[in-house]
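Peer 1: Can you keep this structure in mind? I'll have questions shortly.
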Amino acid sequence: MAHTALHIGDSSALLHKIAAPFNAIGKAMIRLAESNSRMQEVNYLNGLTDAELNKRGIKRSEIAHHVFKDVYYV
């Protein structure tokens with residue numbers, strides 16, 4: 001009777017090494033976007049109450065449009 005053993009190794013370690021540069025690039029892009037002054041303004045406005053937004057003449061659903069209105073036209 002013959003017995004056969006097949007050892008492929010840890011392929012997940014190899015996949016992690018291949019994916020590492022892509023993960024680093026993705027995280028850097030997220031940090032870059034979060035440090036953008038427009039995104040900081042969006043986060044600030046999202047933190048305001050509806051009453052505070054109303055005083056500024058902004059509806060919660062229109063925050064992104066308000067912040068980026070000079071960049072795009074909808």
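Identifiers in this document derive from the order of the structure tokens: chains are assigned A, B, ..., residues are numbered from 1 separately in each chain, and ligands are numbered from 1 in order of occurrence.
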Got a sec: who's within 12 Å of range 29-37 of chain A, counting only C-alpha atoms, leaving out chain neighbours fewer than 6 positions off, as a list in words?

Peer 2: Phe22, Asn23, Asn43, Tyr44, Val67 and Phe68 of chain A

Peer 1: Mind checking DSSP for range 7-74 of chain A and telling me the helix (DSSP H, G or I) residues as a PDB file with N, CA and C atoms, in the first residue's frame?

Peer 2:
ATOM      1  N   SER A  11       0.200  29.356   1.299  1.00  0.00           N
ATOM      2  CA  SER A  11      -0.051  30.273   0.188  1.00  0.00           C
ATOM      3  C   SER A  11      -0.618  31.605   0.664  1.00  0.00           C
ATOM      4  N   SER A  12      -1.237  31.631   1.845  1.00  0.00           N
ATOM      5  CA  SER A  12      -1.790  32.888   2.327  1.00  0.00           C
ATOM      6  C   SER A  12      -0.685  33.892   2.651  1.00  0.00           C
ATOM      7  N   ALA A  13       0.470  33.416   3.111  1.00  0.00           N
ATOM      8  CA  ALA A  13       1.594  34.318   3.390  1.00  0.00           C
ATOM      9  C   ALA A  13       2.071  34.966   2.099  1.00  0.00           C
ATOM     10  N   LEU A  14       2.119  34.204   1.047  1.00  0.00           N
ATOM     11  CA  LEU A  14       2.527  34.738  -0.252  1.00  0.00           C
ATOM     12  C   LEU A  14       1.514  35.772  -0.747  1.00  0.00           C
ATOM     13  N   LEU A  15       0.242  35.480  -0.577  1.00  0.00           N
ATOM     14  CA  LEU A  15      -0.794  36.428  -1.002  1.00  0.00           C
ATOM     15  C   LEU A  15      -0.717  37.725  -0.213  1.00  0.00           C
ATOM     16  N   HIS A  16      -0.412  37.625   1.086  1.00  0.00           N
ATOM     17  CA  HIS A  16      -0.267  38.833   1.905  1.00  0.00           C
ATOM     18  C   HIS A  16       0.911  39.672   1.423  1.00  0.00           C
ATOM     19  N   LYS A  17       2.003  39.026   1.043  1.00  0.00           N
ATOM     20  CA  LYS A  17       3.171  39.758   0.539  1.00  0.00           C
ATOM     21  C   LYS A  17       2.856  40.438  -0.788  1.00  0.00           C
ATOM     22  N   ILE A  18       2.098  39.781  -1.630  1.00  0.00           N
ATOM     23  CA  ILE A  18       1.728  40.364  -2.923  1.00  0.00           C
ATOM     24  C   ILE A  18       0.757  41.529  -2.729  1.00  0.00           C
ATOM     25  N   ALA A  19      -0.154  41.398  -1.783  1.00  0.00           N
ATOM     26  CA  ALA A  19      -1.170  42.425  -1.561  1.00  0.00           C
ATOM     27  C   ALA A  19      -0.669  43.609  -0.748  1.00  0.00           C
ATOM     28  N   ALA A  20       0.429  43.461  -0.022  1.00  0.00           N
ATOM     29  CA  ALA A  20       0.914  44.505   0.885  1.00  0.00           C
ATOM     30  C   ALA A  20       1.101  45.864   0.206  1.00  0.00           C
ATOM     31  N   PRO A  21       1.743  45.944  -0.963  1.00  0.00           N
ATOM     32  CA  PRO A  21       1.898  47.263  -1.584  1.00  0.00           C
ATOM     33  C   PRO A  21       0.557  47.896  -1.967  1.00  0.00           C
ATOM     34  N   PHE A  22      -0.380  47.090  -2.409  1.00  0.00           N
ATOM     35  CA  PHE A  22      -1.694  47.613  -2.779  1.00  0.00           C
ATOM     36  C   PHE A  22      -2.454  48.107  -1.548  1.00  0.00           C
ATOM     37  N   ASN A  23      -2.322  47.387  -0.437  1.00  0.00           N
ATOM     38  CA  ASN A  23      -2.940  47.833   0.809  1.00  0.00           C
ATOM     39  C   ASN A  23      -2.344  49.156   1.264  1.00  0.00           C
ATOM     40  N   ALA A  24      -1.025  49.285   1.157  1.00  0.00           N
ATOM     41  CA  ALA A  24      -0.353  50.517   1.570  1.00  0.00           C
ATOM     42  C   ALA A  24      -0.805  51.694   0.708  1.00  0.00           C
ATOM     43  N   ILE A  25      -0.915  51.478  -0.591  1.00  0.00           N
ATOM     44  CA  ILE A  25      -1.370  52.545  -1.493  1.00  0.00           C
ATOM     45  C   ILE A  25      -2.808  52.934  -1.162  1.00  0.00           C
ATOM     46  N   GLY A  26      -3.652  51.954  -0.921  1.00  0.00           N
ATOM     47  CA  GLY A  26      -5.044  52.236  -0.573  1.00  0.00           C
ATOM     48  C   GLY A  26      -5.164  53.028   0.714  1.00  0.00           C
ATOM     49  N   LYS A  27      -4.390  52.648   1.727  1.00  0.00           N
ATOM     50  CA  LYS A  27      -4.428  53.376   3.002  1.00  0.00           C
ATOM     51  C   LYS A  27      -3.907  54.796   2.842  1.00  0.00           C
ATOM     52  N   ALA A  28      -2.874  54.976   2.015  1.00  0.00           N
ATOM     53  CA  ALA A  28      -2.342  56.321   1.770  1.00  0.00           C
ATOM     54  C   ALA A  28      -3.380  57.194   1.070  1.00  0.00           C
ATOM     55  N   MET A  29      -4.109  56.616   0.137  1.00  0.00           N
ATOM     56  CA  MET A  29      -5.148  57.377  -0.569  1.00  0.00           C
ATOM     57  C   MET A  29      -6.267  57.794   0.384  1.00  0.00           C
ATOM     58  N   ILE A  30      -6.614  56.915   1.296  1.00  0.00           N
ATOM     59  CA  ILE A  30      -7.649  57.241   2.284  1.00  0.00           C
ATOM     60  C   ILE A  30      -7.172  58.366   3.190  1.00  0.00           C
ATOM     61  N   ARG A  31      -5.920  58.291   3.669  1.00  0.00           N
ATOM     62  CA  ARG A  31      -5.382  59.363   4.513  1.00  0.00           C
ATOM     63  C   ARG A  31      -5.346  60.684   3.760  1.00  0.00           C
ATOM     64  N   LEU A  32      -4.982  60.646   2.492  1.00  0.00           N
ATOM     65  CA  LEU A  32      -4.929  61.854   1.675  1.00  0.00           C
ATOM     66  C   LEU A  32      -6.319  62.469   1.528  1.00  0.00           C
ATOM     67  N   ALA A  33      -7.311  61.633   1.258  1.00  0.00           N
ATOM     68  CA  ALA A  33      -8.678  62.135   1.097  1.00  0.00           C
ATOM     69  C   ALA A  33      -9.213  62.696   2.407  1.00  0.00           C
ATOM     70  N   GLU A  34      -8.913  62.031   3.522  1.00  0.00           N
ATOM     71  CA  GLU A  34      -9.418  62.495   4.812  1.00  0.00           C
ATOM     72  C   GLU A  34      -8.751  63.792   5.262  1.00  0.00           C
ATOM     73  N   SER A  35      -7.533  64.048   4.787  1.00  0.00           N
ATOM     74  CA  SER A  35      -6.845  65.275   5.176  1.00  0.00           C
ATOM     75  C   SER A  35      -7.240  66.454   4.290  1.00  0.00           C
ATOM     76  N   SER A  37      -9.161  69.499   2.895  1.00  0.00           N
ATOM     77  CA  SER A  37      -9.936  70.501   3.631  1.00  0.00           C
ATOM     78  C   SER A  37     -11.430  70.390   3.334  1.00  0.00           C
ATOM     79  N   ARG A  38     -11.783  69.992   2.129  1.00  0.00           N
ATOM     80  CA  ARG A  38     -13.208  69.841   1.798  1.00  0.00           C
ATOM     81  C   ARG A  38     -13.833  68.698   2.599  1.00  0.00           C
ATOM     82  N   MET A  39     -13.098  67.596   2.724  1.00  0.00           N
ATOM     83  CA  MET A  39     -13.630  66.475   3.497  1.00  0.00           C
ATOM     84  C   MET A  39     -13.725  66.840   4.972  1.00  0.00           C
ATOM     85  N   GLN A  40     -12.792  67.645   5.449  1.00  0.00           N
ATOM     86  CA  GLN A  40     -12.873  68.100   6.836  1.00  0.00           C
ATOM     87  C   GLN A  40     -14.103  68.968   7.035  1.00  0.00           C
ATOM     88  N   GLU A  41     -14.427  69.782   6.033  1.00  0.00           N
ATOM     89  CA  GLU A  41     -15.631  70.613   6.129  1.00  0.00           C
ATOM     90  C   GLU A  41     -16.890  69.750   6.095  1.00  0.00           C
ATOM     91  N   VAL A  42     -16.909  68.734   5.235  1.00  0.00           N
ATOM     92  CA  VAL A  42     -18.051  67.810   5.187  1.00  0.00           C
ATOM     93  C   VAL A  42     -18.235  67.147   6.548  1.00  0.00           C
ATOM     94  N   ASN A  43     -17.144  66.667   7.134  1.00  0.00           N
ATOM     95  CA  ASN A  43     -17.231  66.021   8.448  1.00  0.00           C
ATOM     96  C   ASN A  43     -17.709  66.998   9.513  1.00  0.00           C
ATOM     97  N   TYR A  44     -17.235  68.247   9.450  1.00  0.00           N
ATOM     98  CA  TYR A  44     -17.663  69.255  10.413  1.00  0.00           C
ATOM     99  C   TYR A  44     -19.163  69.513  10.280  1.00  0.00           C
ATOM    100  N   LEU A  45     -19.613  69.729   9.052  1.00  0.00           N
ATOM    101  CA  LEU A  45     -21.034  70.012   8.831  1.00  0.00           C
ATOM    102  C   LEU A  45     -21.910  68.818   9.224  1.00  0.00           C
ATOM    103  N   ASN A  46     -21.429  67.604   8.968  1.00  0.00           N
ATOM    104  CA  ASN A  46     -22.186  66.411   9.374  1.00  0.00           C
ATOM    105  C   ASN A  46     -22.318  66.330  10.890  1.00  0.00           C
ATOM    106  N   GLY A  47     -21.381  66.917  11.606  1.00  0.00           N
ATOM    107  CA  GLY A  47     -21.430  66.897  13.061  1.00  0.00           C
ATOM    108  C   GLY A  47     -22.379  67.922  13.657  1.00  0.00           C
ATOM    109  N   ASP A  50     -29.346  69.544  13.035  1.00  0.00           N
ATOM    110  CA  ASP A  50     -30.199  70.029  11.949  1.00  0.00           C
ATOM    111  C   ASP A  50     -30.542  71.502  12.138  1.00  0.00           C
ATOM    112  N   ALA A  51     -30.710  71.930  13.388  1.00  0.00           N
ATOM    113  CA  ALA A  51     -31.022  73.337  13.659  1.00  0.00           C
ATOM    114  C   ALA A  51     -29.846  74.235  13.264  1.00  0.00           C
ATOM    115  N   GLU A  52     -28.624  73.785  13.582  1.00  0.00           N
ATOM    116  CA  GLU A  52     -27.446  74.569  13.212  1.00  0.00           C
ATOM    117  C   GLU A  52     -27.275  74.640  11.699  1.00  0.00           C
ATOM    118  N   LEU A  53     -27.535  73.528  11.032  1.00  0.00           N
ATOM    119  CA  LEU A  53     -27.468  73.522   9.572  1.00  0.00           C
ATOM    120  C   LEU A  53     -28.525  74.444   8.985  1.00  0.00           C
ATOM    121  N   ASN A  54     -29.723  74.429   9.578  1.00  0.00           N
ATOM    122  CA  ASN A  54     -30.816  75.275   9.102  1.00  0.00           C
ATOM    123  C   ASN A  54     -30.437  76.751   9.202  1.00  0.00           C
ATOM    124  N   LYS A  55     -29.739  77.130  10.276  1.00  0.00           N
ATOM    125  CA  LYS A  55     -29.282  78.511  10.427  1.00  0.00           C
ATOM    126  C   LYS A  55     -28.330  78.910   9.312  1.00  0.00           C
ATOM    127  N   ARG A  60     -29.221  68.721   5.444  1.00  0.00           N
ATOM    128  CA  ARG A  60     -28.256  67.635   5.655  1.00  0.00           C
ATOM    129  C   ARG A  60     -27.993  66.863   4.361  1.00  0.00           C
ATOM    130  N   SER A  61     -29.020  66.662   3.564  1.00  0.00           N
ATOM    131  CA  SER A  61     -28.854  65.914   2.314  1.00  0.00           C
ATOM    132  C   SER A  61     -28.075  66.701   1.261  1.00  0.00           C
ATOM    133  N   GLU A  62     -27.846  67.993   1.501  1.00  0.00           N
ATOM    134  CA  GLU A  62     -27.160  68.837   0.519  1.00  0.00           C
ATOM    135  C   GLU A  62     -25.760  69.258   0.969  1.00  0.00           C
ATOM    136  N   ILE A  63     -25.233  68.627   2.015  1.00  0.00           N
ATOM    137  CA  ILE A  63     -23.916  69.021   2.527  1.00  0.00           C
ATOM    138  C   ILE A  63     -22.832  68.836   1.467  1.00  0.00           C
ATOM    139  N   ALA A  64     -22.785  67.687   0.849  1.00  0.00           N
ATOM    140  CA  ALA A  64     -21.746  67.435  -0.158  1.00  0.00           C
ATOM    141  C   ALA A  64     -21.861  68.426  -1.310  1.00  0.00           C
ATOM    142  N   HIS A  65     -23.073  68.683  -1.761  1.00  0.00           N
ATOM    143  CA  HIS A  65     -23.274  69.638  -2.843  1.00  0.00           C
ATOM    144  C   HIS A  65     -22.800  71.030  -2.424  1.00  0.00           C
ATOM    145  N   HIS A  66     -23.101  71.412  -1.200  1.00  0.00           N
ATOM    146  CA  HIS A  66     -22.696  72.721  -0.686  1.00  0.00           C
ATOM    147  C   HIS A  66     -21.167  72.853  -0.668  1.00  0.00           C
ATOM    148  N   VAL A  67     -20.478  71.826  -0.206  1.00  0.00           N
ATOM    149  CA  VAL A  67     -19.019  71.882  -0.068  1.00  0.00           C
ATOM    150  C   VAL A  67     -18.318  71.816  -1.425  1.00  0.00           C
ATOM    151  N   PHE A  68     -18.852  71.005  -2.335  1.00  0.00           N
ATOM    152  CA  PHE A  68     -18.194  70.790  -3.619  1.00  0.00           C
ATOM    153  C   PHE A  68     -18.859  71.533  -4.777  1.00  0.00           C
TER     154      PHE A  68
END
